[in-house]
Amino acid sequence: MANVQFENLFKNYGNVKAVHDFNLKIDEGEFIVLVGPSGCGKSTTLRMIAGLEDITSGLIYIDEKVINKIHPKNRDIAMVFQNYALYPHLSVKDNISFGLRAQKIPRAEVEKRVVEASETLGLEGLLSRRPGELSGGQKQRVAMGRAIVRNPKVFLFDEPLSNLDAKLRHKMRAEMKKLHKKVGTTTIYVTHDQIEAMTLADRIVIMKDGLIEQVGTPDEVYRRPNNIFVASFIGTPAMNFIEGEVSKVSKASSMIMLEDQKSIKLKSNNFYNNQNIILGLRPEDITITSENSGKNDNIIGLDAEISVIEPMGHETVVICDSNYGELTGKVESNSKLKENMAVKLNVSLEKVYLFDKKSEKNLNL
Amino acid sequence: MTNSNQIIEKLEHLNPKKIIIWTLVFLGSIVMVTPIIFMISMSFKTGQEVYIFSLFPEKATLKNYIFVLTDSKFIYWGLNSLWVATFSTLSVLFFDSLVGYTLAKYNFRGREIIFVAILSTLMIPTEMLIIPWYMMSREFGWIDTYWGIAFPGLMTGFGTFLMRQFFMNLPDELIEAARIDGWSEFAIWWKIAMPLVVPALSALAIFHFLGNWTAFLWPLIIINDPDMYTIPVGLASFNGEYEMNWEIVMTASCLATIPTLFVFIILQKYIIKGIMLAGLKG
């Protein structure tokens, strides 16, 4: 186990800034997930820790020791790649023990560690097989076995589940969590899948265009997103956004005018006149009713028409057309709602996120 | 009635394209196989019968084989050829794949220039290189030595190009994983990259071995001592100024093809795979 620290880390490819001023401290045994869309710099960051990419500027520490110039093999890290990177001509056993043989560890010790790792991952019956004879999930387990057998200070995972089907991904996710609990090694995990990030991480680092947008626990990034990007990235289905303008700010409240001249009264004066703002509504916070629920100052009621109903089994996603564009809500699976039905989307004012349109920052924080 | 119907049905199924292809393949195989058949036939003929046009010898004899194997230096030449071709092939497999791997998997300044320079050697005809090679050999005392025969082919532009193309298709992650696992760059090449390009190595081995086995011009120039002749040079020596012993030349040629057939049979499955892969990726 080790702590990892990044200090003003930059990575440029010519004029392209892949990673920009990355600062983070990862505690011993922590499970950190770097998440963001393609090209946000998360994999580049991981590869810089592994020593597979040069660092343009800045420092990376493992256990308070700068590792910038240290060869990958001497960093005491293990990495699992997206395509597993299993050596196709070697058996599962040889794949797992390949790194130990490089370290000139005695044969008996290698055997012992391979047996332990294969027992942990349920690979006992597969040791003589070649990677070509394994299923996706088994390959994934072998790749993990190759990592844990070395007992490294830090595990690096580069989108390890993205090649698996949904069911297997869910299973492997749980196995990874169990494994982390068991071995307790500091883990840095890269994914573009926010569900993976939410379910696995102790803390999530959300990245965009090489910059850290927010670092926090899954609950923090979900409930207190720093900005519009984080709010839209975390949560499924994604948050709905409506534009509005502050029309009047008084001592204890503010009036906000929506695009269709509908006004909303907020119990806050933390705005200025004519400020353009964006209201964020989580689909799970929206209640969809077929009738008008009457006037209530604490609830925003938006008129809409259902365009698509997506039954998911345990719940139903409802996509509606409205004066504010497409809005998505969630209802229970036994709901009587039907397509083309005129409905009211009700959201409690307490659950509405407010963002400044210009800076995109969360105004609730 | 039924029979004629069946024939008509079969004829209807014949595709004109297929007929043309099969005819061309048949003609091609005749053109290629006929000289070999005549070579084998001639090796069993006597000197008087050589100029008689017949596929089967009137009186088949093994005298030519006995002469070639016992009274000539054919065995020496065979061993010379085998030594030079094997040494040269092993060298090409090692160096071409090492350079090909470096050009495919490492980013360094001047990489493209080096690659183009290596490729450009393919465009220079051997005949043009023979004079500098000879001058170099004379300077270093390599005339009449195995090294002298072999050195021009110890590394080839073609082999480097072929191996580079194959190594380019090797996923970088395998190399990176081995690097993190703690292996040296040389060990990664040897333990990970090389086993994964066996088809390409086999194709290169067979092409280079055959090229060296049949090489004539350079060994003819660099070797003066008959004990050091390779097979092609030795075969030419059977033809004297005033006589042509074709039956002996053909017998020696038959014997000379045996090792190449052997190499081909052993490596065949890899070669075909290699050629197919080269075709796909190239």
# chains A, B, ... in the order shown; residues from 1 in each chain; ligands from 1
call {"tool": "interface_residues", "arguments": {"of": "chain A", "to": "chain B", "cutoff": "7 Å", "atoms": "only C-alpha atoms", "output": "ChimeraX atom specification"}}
result
/A:72-73,78,85-87,99,102-103
call {"tool": "residues_around", "arguments": {"residues": "range 147-159 of chain B", "least_positions_apart": "6", "cutoff": "8 Å", "atoms": "only C-alpha atoms", "output": "PyMOL selection string"}}
result
chain B and resi 84-85+87-89+91-93+95-97+118-122+133+137+204+218-219+222-223
call {"tool": "closest_residue", "arguments": {"among": "A:Asp76, A:Glu7, A:Glu109, A:Glu116", "to": "Tyr61 in chain A", "atoms": "only C-alpha atoms"}}
result
A:Glu7
call {"tool": "residues_around", "arguments": {"residues": "Val249 in chain A", "least_positions_apart": "6", "cutoff": "12 Å", "atoms": "only C-alpha atoms", "output": "list in words"}}
result
Met255, Ile256, Met257, Ile264, Lys265, Leu266, Lys267, Ser268, Asn269, Asn270, Phe271, Tyr272, Asn273, Asn274 and Gln275 of chain A
call {"tool": "atom_distance", "arguments": {"atom1": "CA of Gly244 in chain A", "atom2": "CA of Glu259 in chain A"}}
result
6.1 Å
call {"tool": "select_by_dssp", "arguments": {"residues": "range 51-259 of chain B", "states": "alpha helix (DSSP H)", "output": "PyMOL selection string"}}
result
chain B and resi 63-66+74-105+111-120+126-140+146-150+157-168+172-181+185-188+198-213+217-222+231-237+246-259
call {"tool": "select_by_dssp", "arguments": {"residues": "range 26-229 of chain A", "states": "strand (DSSP E)", "output": "PyMOL selection string"}}
result
chain A and resi 26+31-35+57-62+65-66+77-80+154-158+186-191+203-208+211-216
call {"tool": "write_last_selection", "arguments": {"atoms": "N, CA and C atoms", "output": "compact mmCIF listing (two decimals), in the first residue's frame"}}
result
# COMPACT_ATOMS: atom_id res chain seq x y z
N ILE A 26 -3.70 10.99 -3.18
CA ILE A 26 -4.44 9.74 -3.00
C ILE A 26 -3.89 9.05 -1.76
N PHE A 31 -9.42 3.74 -3.17
CA PHE A 31 -9.84 3.34 -4.52
C PHE A 31 -10.30 4.62 -5.23
N ILE A 32 -9.44 5.11 -6.13
CA ILE A 32 -9.75 6.36 -6.83
C ILE A 32 -10.15 6.05 -8.26
N VAL A 33 -11.22 6.65 -8.72
CA VAL A 33 -11.62 6.45 -10.11
C VAL A 33 -11.49 7.76 -10.87
N LEU A 34 -10.76 7.72 -11.98
CA LEU A 34 -10.69 8.88 -12.88
C LEU A 34 -11.75 8.65 -13.95
N VAL A 35 -12.67 9.58 -14.05
CA VAL A 35 -13.77 9.39 -15.00
C VAL A 35 -13.94 10.64 -15.86
N SER A 57 5.63 18.40 -17.48
CA SER A 57 6.14 19.06 -16.28
C SER A 57 5.29 18.64 -15.09
N GLY A 58 5.82 18.89 -13.89
CA GLY A 58 5.12 18.47 -12.69
C GLY A 58 5.76 17.23 -12.09
N LEU A 59 5.22 16.84 -10.93
CA LEU A 59 5.83 15.73 -10.21
C LEU A 59 4.78 14.69 -9.84
N ILE A 60 5.19 13.44 -9.85
CA ILE A 60 4.34 12.36 -9.32
C ILE A 60 5.13 11.70 -8.19
N TYR A 61 4.47 11.53 -7.06
CA TYR A 61 5.12 10.88 -5.92
C TYR A 61 4.40 9.56 -5.62
N ILE A 62 5.19 8.54 -5.29
CA ILE A 62 4.60 7.34 -4.68
C ILE A 62 5.33 7.19 -3.35
N LYS A 65 8.05 9.71 -2.68
CA LYS A 65 9.26 9.63 -3.50
C LYS A 65 8.89 10.00 -4.94
N VAL A 66 9.63 10.95 -5.51
CA VAL A 66 9.34 11.36 -6.89
C VAL A 66 9.70 10.22 -7.83
N ILE A 77 4.44 -0.95 -9.44
CA ILE A 77 3.02 -0.80 -9.77
C ILE A 77 2.62 -1.99 -10.66
N ALA A 78 1.33 -2.23 -10.75
CA ALA A 78 0.85 -3.25 -11.68
C ALA A 78 -0.32 -2.65 -12.43
N MET A 79 -0.39 -2.97 -13.72
CA MET A 79 -1.42 -2.33 -14.53
C MET A 79 -2.27 -3.38 -15.26
N VAL A 80 -3.56 -3.12 -15.31
CA VAL A 80 -4.47 -3.97 -16.10
C VAL A 80 -4.96 -3.11 -17.26
N VAL A 154 0.80 -0.05 -5.92
CA VAL A 154 -0.36 0.61 -6.54
C VAL A 154 -0.87 -0.23 -7.72
N PHE A 155 -2.19 -0.37 -7.79
CA PHE A 155 -2.83 -1.00 -8.95
C PHE A 155 -3.30 0.10 -9.90
N LEU A 156 -3.07 -0.10 -11.18
CA LEU A 156 -3.59 0.84 -12.18
C LEU A 156 -4.52 0.06 -13.10
N PHE A 157 -5.73 0.53 -13.26
CA PHE A 157 -6.69 -0.14 -14.14
C PHE A 157 -7.10 0.83 -15.24
N ASP A 158 -6.90 0.43 -16.48
CA ASP A 158 -7.26 1.30 -17.61
C ASP A 158 -8.49 0.73 -18.32
N THR A 186 -3.72 0.38 -2.81
CA THR A 186 -4.12 1.66 -3.40
C THR A 186 -4.42 1.41 -4.89
N THR A 187 -5.58 1.87 -5.34
CA THR A 187 -6.00 1.56 -6.71
C THR A 187 -6.40 2.83 -7.45
N ILE A 188 -5.89 2.97 -8.65
CA ILE A 188 -6.31 4.09 -9.52
C ILE A 188 -6.94 3.47 -10.75
N TYR A 189 -8.18 3.83 -10.97
CA TYR A 189 -9.00 3.14 -11.96
C TYR A 189 -9.54 4.16 -12.95
N VAL A 190 -9.37 3.90 -14.23
CA VAL A 190 -9.84 4.82 -15.25
C VAL A 190 -11.04 4.24 -15.96
N THR A 191 -12.06 5.03 -16.14
CA THR A 191 -13.24 4.57 -16.88
C THR A 191 -13.98 5.77 -17.48
N ARG A 203 -13.28 7.73 -3.87
CA ARG A 203 -13.41 9.10 -4.37
C ARG A 203 -13.35 9.08 -5.90
N ILE A 204 -14.09 10.00 -6.50
CA ILE A 204 -14.12 10.08 -7.96
C ILE A 204 -13.43 11.37 -8.39
N VAL A 205 -12.62 11.27 -9.44
CA VAL A 205 -12.02 12.46 -10.03
C VAL A 205 -12.66 12.62 -11.41
N ILE A 206 -13.41 13.69 -11.57
CA ILE A 206 -14.09 13.90 -12.86
C ILE A 206 -13.24 14.86 -13.70
N MET A 207 -12.92 14.41 -14.91
CA MET A 207 -12.01 15.20 -15.76
C MET A 207 -12.69 15.59 -17.07
N LYS A 208 -12.23 16.74 -17.58
CA LYS A 208 -12.71 17.19 -18.90
C LYS A 208 -11.60 18.02 -19.53
N LEU A 211 -8.48 18.77 -17.57
CA LEU A 211 -8.61 19.46 -16.27
C LEU A 211 -9.46 18.65 -15.31
N ILE A 212 -9.14 18.78 -14.02
CA ILE A 212 -10.00 18.16 -13.01
C ILE A 212 -11.20 19.08 -12.80
N GLU A 213 -12.40 18.54 -12.96
CA GLU A 213 -13.61 19.34 -12.76
C GLU A 213 -14.06 19.24 -11.30
N GLN A 214 -13.91 18.06 -10.73
CA GLN A 214 -14.29 17.89 -9.32
C GLN A 214 -13.68 16.60 -8.77
N VAL A 215 -13.35 16.65 -7.49
CA VAL A 215 -12.90 15.44 -6.78
C VAL A 215 -13.82 15.29 -5.58
N GLY A 216 -14.36 14.12 -5.39
CA GLY A 216 -15.24 13.93 -4.23
C GLY A 216 -15.73 12.51 -4.14
call {"tool": "atom_distance", "arguments": {"atom1": "CA of Lys112 in chain A", "atom2": "CA of Arg130 in chain A"}}
result
20.4 Å
call {"tool": "atom_distance", "arguments": {"atom1": "CA of Lys11 in chain A", "atom2": "CA of Glu53 in chain A"}}
result
8.8 Å
call {"tool": "residues_around", "arguments": {"residues": "Lys177 in chain A", "least_positions_apart": "3", "cutoff": "9 Å", "atoms": "only C-alpha atoms", "output": "list in words"}}
result
Met172, Arg173, Ala174, His180, Lys181, Lys182, Thr199, Leu200 and Ala201 of chain A
call {"tool": "write_last_selection", "arguments": {"atoms": "N, CA and C atoms", "output": "short mmCIF file (atom, residue, chain, number, x, y, z; two decimals), in the first residue's frame"}}
result
data_model
loop_
_atom_site.label_atom_id
_atom_site.label_comp_id
_atom_site.auth_asym_id
_atom_site.auth_seq_id
_atom_site.Cartn_x
_atom_site.Cartn_y
_atom_site.Cartn_z
N MET A 172 -18.12 -8.52 -12.67
CA MET A 172 -16.70 -8.24 -12.46
C MET A 172 -16.50 -7.02 -11.55
N ARG A 173 -17.46 -6.08 -11.67
CA ARG A 173 -17.40 -4.88 -10.84
C ARG A 173 -17.46 -5.28 -9.37
N ALA A 174 -18.39 -6.18 -9.08
CA ALA A 174 -18.54 -6.65 -7.70
C ALA A 174 -17.28 -7.40 -7.27
N HIS A 180 -10.55 -5.58 -3.84
CA HIS A 180 -9.93 -4.41 -3.22
C HIS A 180 -10.07 -4.45 -1.71
N LYS A 181 -11.24 -4.90 -1.28
CA LYS A 181 -11.47 -5.03 0.17
C LYS A 181 -10.48 -6.02 0.78
N LYS A 182 -10.22 -7.08 0.03
CA LYS A 182 -9.36 -8.15 0.53
C LYS A 182 -7.89 -7.74 0.54
N THR A 199 -19.99 3.15 -8.39
CA THR A 199 -20.10 1.93 -7.58
C THR A 199 -18.77 1.50 -6.98
N LEU A 200 -17.66 1.83 -7.64
CA LEU A 200 -16.37 1.31 -7.17
C LEU A 200 -15.60 2.29 -6.27
N ALA A 201 -15.76 3.57 -6.55
CA ALA A 201 -14.80 4.52 -6.00
C ALA A 201 -15.01 4.88 -4.53
#
call {"tool": "decode", "arguments": {"residues": "range 239-276 of chain A", "atoms": "N, CA and C atoms", "output": "PDB file, in the first residue's frame"}}
result
ATOM      1  N   MET A 239     -28.996  14.733 -16.003  1.00  0.00           N
ATOM      2  CA  MET A 239     -29.795  15.841 -15.461  1.00  0.00           C
ATOM      3  C   MET A 239     -30.421  16.663 -16.600  1.00  0.00           C
ATOM      4  N   ASN A 240     -31.630  17.187 -16.360  1.00  0.00           N
ATOM      5  CA  ASN A 240     -32.282  18.083 -17.333  1.00  0.00           C
ATOM      6  C   ASN A 240     -31.865  19.518 -17.039  1.00  0.00           C
ATOM      7  N   PHE A 241     -31.731  20.316 -18.070  1.00  0.00           N
ATOM      8  CA  PHE A 241     -31.351  21.715 -17.877  1.00  0.00           C
ATOM      9  C   PHE A 241     -32.364  22.643 -18.544  1.00  0.00           C
ATOM     10  N   ILE A 242     -32.732  23.695 -17.803  1.00  0.00           N
ATOM     11  CA  ILE A 242     -33.672  24.696 -18.330  1.00  0.00           C
ATOM     12  C   ILE A 242     -33.031  26.067 -18.146  1.00  0.00           C
ATOM     13  N   GLU A 243     -33.135  26.885 -19.164  1.00  0.00           N
ATOM     14  CA  GLU A 243     -32.547  28.229 -19.047  1.00  0.00           C
ATOM     15  C   GLU A 243     -33.536  29.197 -18.407  1.00  0.00           C
ATOM     16  N   GLY A 244     -33.025  30.173 -17.690  1.00  0.00           N
ATOM     17  CA  GLY A 244     -33.871  31.184 -17.080  1.00  0.00           C
ATOM     18  C   GLY A 244     -33.079  32.461 -16.835  1.00  0.00           C
ATOM     19  N   GLU A 245     -33.819  33.520 -16.453  1.00  0.00           N
ATOM     20  CA  GLU A 245     -33.134  34.788 -16.196  1.00  0.00           C
ATOM     21  C   GLU A 245     -33.682  35.374 -14.899  1.00  0.00           C
ATOM     22  N   VAL A 246     -32.795  35.927 -14.082  1.00  0.00           N
ATOM     23  CA  VAL A 246     -33.238  36.520 -12.811  1.00  0.00           C
ATOM     24  C   VAL A 246     -33.923  37.850 -13.140  1.00  0.00           C
ATOM     25  N   SER A 247     -35.191  37.955 -12.797  1.00  0.00           N
ATOM     26  CA  SER A 247     -35.925  39.175 -13.174  1.00  0.00           C
ATOM     27  C   SER A 247     -35.982  40.177 -12.016  1.00  0.00           C
ATOM     28  N   LYS A 248     -35.922  39.677 -10.788  1.00  0.00           N
ATOM     29  CA  LYS A 248     -36.028  40.598  -9.651  1.00  0.00           C
ATOM     30  C   LYS A 248     -35.369  39.959  -8.428  1.00  0.00           C
ATOM     31  N   VAL A 249     -34.527  40.737  -7.766  1.00  0.00           N
ATOM     32  CA  VAL A 249     -33.911  40.224  -6.533  1.00  0.00           C
ATOM     33  C   VAL A 249     -34.372  41.112  -5.382  1.00  0.00           C
ATOM     34  N   SER A 250     -35.016  40.528  -4.400  1.00  0.00           N
ATOM     35  CA  SER A 250     -35.432  41.318  -3.231  1.00  0.00           C
ATOM     36  C   SER A 250     -34.651  40.844  -2.008  1.00  0.00           C
ATOM     37  N   LYS A 251     -35.035  41.310  -0.847  1.00  0.00           N
ATOM     38  CA  LYS A 251     -34.261  41.009   0.368  1.00  0.00           C
ATOM     39  C   LYS A 251     -34.173  39.509   0.668  1.00  0.00           C
ATOM     40  N   ALA A 252     -35.290  38.820   0.521  1.00  0.00           N
ATOM     41  CA  ALA A 252     -35.301  37.411   0.933  1.00  0.00           C
ATOM     42  C   ALA A 252     -35.567  36.446  -0.198  1.00  0.00           C
ATOM     43  N   SER A 253     -35.811  36.983  -1.366  1.00  0.00           N
ATOM     44  CA  SER A 253     -36.130  36.058  -2.461  1.00  0.00           C
ATOM     45  C   SER A 253     -35.733  36.645  -3.817  1.00  0.00           C
ATOM     46  N   SER A 254     -35.831  35.788  -4.827  1.00  0.00           N
ATOM     47  CA  SER A 254     -35.540  36.232  -6.198  1.00  0.00           C
ATOM     48  C   SER A 254     -36.575  35.625  -7.133  1.00  0.00           C
ATOM     49  N   MET A 255     -36.873  36.372  -8.183  1.00  0.00           N
ATOM     50  CA  MET A 255     -37.799  35.843  -9.190  1.00  0.00           C
ATOM     51  C   MET A 255     -36.992  35.421 -10.407  1.00  0.00           C
ATOM     52  N   ILE A 256     -37.332  34.261 -10.902  1.00  0.00           N
ATOM     53  CA  ILE A 256     -36.633  33.779 -12.099  1.00  0.00           C
ATOM     54  C   ILE A 256     -37.658  33.550 -13.193  1.00  0.00           C
ATOM     55  N   MET A 257     -37.332  34.109 -14.363  1.00  0.00           N
ATOM     56  CA  MET A 257     -38.255  33.990 -15.497  1.00  0.00           C
ATOM     57  C   MET A 257     -37.727  32.910 -16.440  1.00  0.00           C
ATOM     58  N   LEU A 258     -38.576  31.920 -16.714  1.00  0.00           N
ATOM     59  CA  LEU A 258     -38.159  30.875 -17.654  1.00  0.00           C
ATOM     60  C   LEU A 258     -38.416  31.339 -19.085  1.00  0.00           C
ATOM     61  N   GLU A 259     -38.005  30.534 -20.037  1.00  0.00           N
ATOM     62  CA  GLU A 259     -38.111  30.926 -21.454  1.00  0.00           C
ATOM     63  C   GLU A 259     -39.545  31.240 -21.883  1.00  0.00           C
ATOM     64  N   ASP A 260     -40.508  30.512 -21.312  1.00  0.00           N
ATOM     65  CA  ASP A 260     -41.908  30.743 -21.719  1.00  0.00           C
ATOM     66  C   ASP A 260     -42.600  31.736 -20.783  1.00  0.00           C
ATOM     67  N   GLN A 261     -41.799  32.607 -20.159  1.00  0.00           N
ATOM     68  CA  GLN A 261     -42.296  33.672 -19.276  1.00  0.00           C
ATOM     69  C   GLN A 261     -42.908  33.145 -17.984  1.00  0.00           C
ATOM     70  N   LYS A 262     -42.771  31.888 -17.738  1.00  0.00           N
ATOM     71  CA  LYS A 262     -43.237  31.328 -16.459  1.00  0.00           C
ATOM     72  C   LYS A 262     -42.267  31.787 -15.374  1.00  0.00           C
ATOM     73  N   SER A 263     -42.793  32.252 -14.240  1.00  0.00           N
ATOM     74  CA  SER A 263     -41.880  32.764 -13.214  1.00  0.00           C
ATOM     75  C   SER A 263     -41.826  31.825 -12.009  1.00  0.00           C
ATOM     76  N   ILE A 264     -40.656  31.802 -11.401  1.00  0.00           N
ATOM     77  CA  ILE A 264     -40.433  30.940 -10.237  1.00  0.00           C
ATOM     78  C   ILE A 264     -39.867  31.809  -9.124  1.00  0.00           C
ATOM     79  N   LYS A 265     -40.350  31.591  -7.932  1.00  0.00           N
ATOM     80  CA  LYS A 265     -39.859  32.381  -6.808  1.00  0.00           C
ATOM     81  C   LYS A 265     -38.926  31.512  -5.966  1.00  0.00           C
ATOM     82  N   LEU A 266     -37.660  31.986  -5.848  1.00  0.00           N
ATOM     83  CA  LEU A 266     -36.687  31.235  -5.052  1.00  0.00           C
ATOM     84  C   LEU A 266     -36.433  31.961  -3.740  1.00  0.00           C
ATOM     85  N   LYS A 267     -36.264  31.167  -2.646  1.00  0.00           N
ATOM     86  CA  LYS A 267     -36.041  31.799  -1.341  1.00  0.00           C
ATOM     87  C   LYS A 267     -34.558  32.088  -1.151  1.00  0.00           C
ATOM     88  N   SER A 268     -34.007  32.844  -2.044  1.00  0.00           N
ATOM     89  CA  SER A 268     -32.587  33.201  -1.953  1.00  0.00           C
ATOM     90  C   SER A 268     -32.376  34.509  -2.692  1.00  0.00           C
ATOM     91  N   ASN A 269     -31.459  35.318  -2.195  1.00  0.00           N
ATOM     92  CA  ASN A 269     -31.161  36.566  -2.915  1.00  0.00           C
ATOM     93  C   ASN A 269     -29.713  36.552  -3.416  1.00  0.00           C
ATOM     94  N   ASN A 270     -29.214  35.357  -3.597  1.00  0.00           N
ATOM     95  CA  ASN A 270     -27.822  35.177  -3.993  1.00  0.00           C
ATOM     96  C   ASN A 270     -27.655  35.355  -5.504  1.00  0.00           C
ATOM     97  N   PHE A 271     -28.386  36.308  -6.084  1.00  0.00           N
ATOM     98  CA  PHE A 271     -28.332  36.511  -7.533  1.00  0.00           C
ATOM     99  C   PHE A 271     -28.221  37.995  -7.820  1.00  0.00           C
ATOM    100  N   TYR A 272     -28.063  38.340  -9.089  1.00  0.00           N
ATOM    101  CA  TYR A 272     -28.147  39.744  -9.471  1.00  0.00           C
ATOM    102  C   TYR A 272     -29.135  39.850 -10.630  1.00  0.00           C
ATOM    103  N   ASN A 273     -29.666  41.037 -10.796  1.00  0.00           N
ATOM    104  CA  ASN A 273     -30.693  41.233 -11.829  1.00  0.00           C
ATOM    105  C   ASN A 273     -30.158  40.893 -13.218  1.00  0.00           C
ATOM    106  N   ASN A 274     -31.009  40.292 -14.012  1.00  0.00           N
ATOM    107  CA  ASN A 274     -30.695  39.891 -15.400  1.00  0.00           C
ATOM    108  C   ASN A 274     -29.607  38.822 -15.494  1.00  0.00           C
ATOM    109  N   GLN A 275     -29.298  38.190 -14.375  1.00  0.00           N
ATOM    110  CA  GLN A 275     -28.306  37.102 -14.426  1.00  0.00           C
ATOM    111  C   GLN A 275     -28.916  35.904 -15.164  1.00  0.00           C
ATOM    112  N   ASN A 276     -28.162  35.410 -16.125  1.00  0.00           N
ATOM    113  CA  ASN A 276     -28.633  34.218 -16.840  1.00  0.00           C
ATOM    114  C   ASN A 276     -28.256  32.984 -16.038  1.00  0.00           C
TER     115      ASN A 276
END
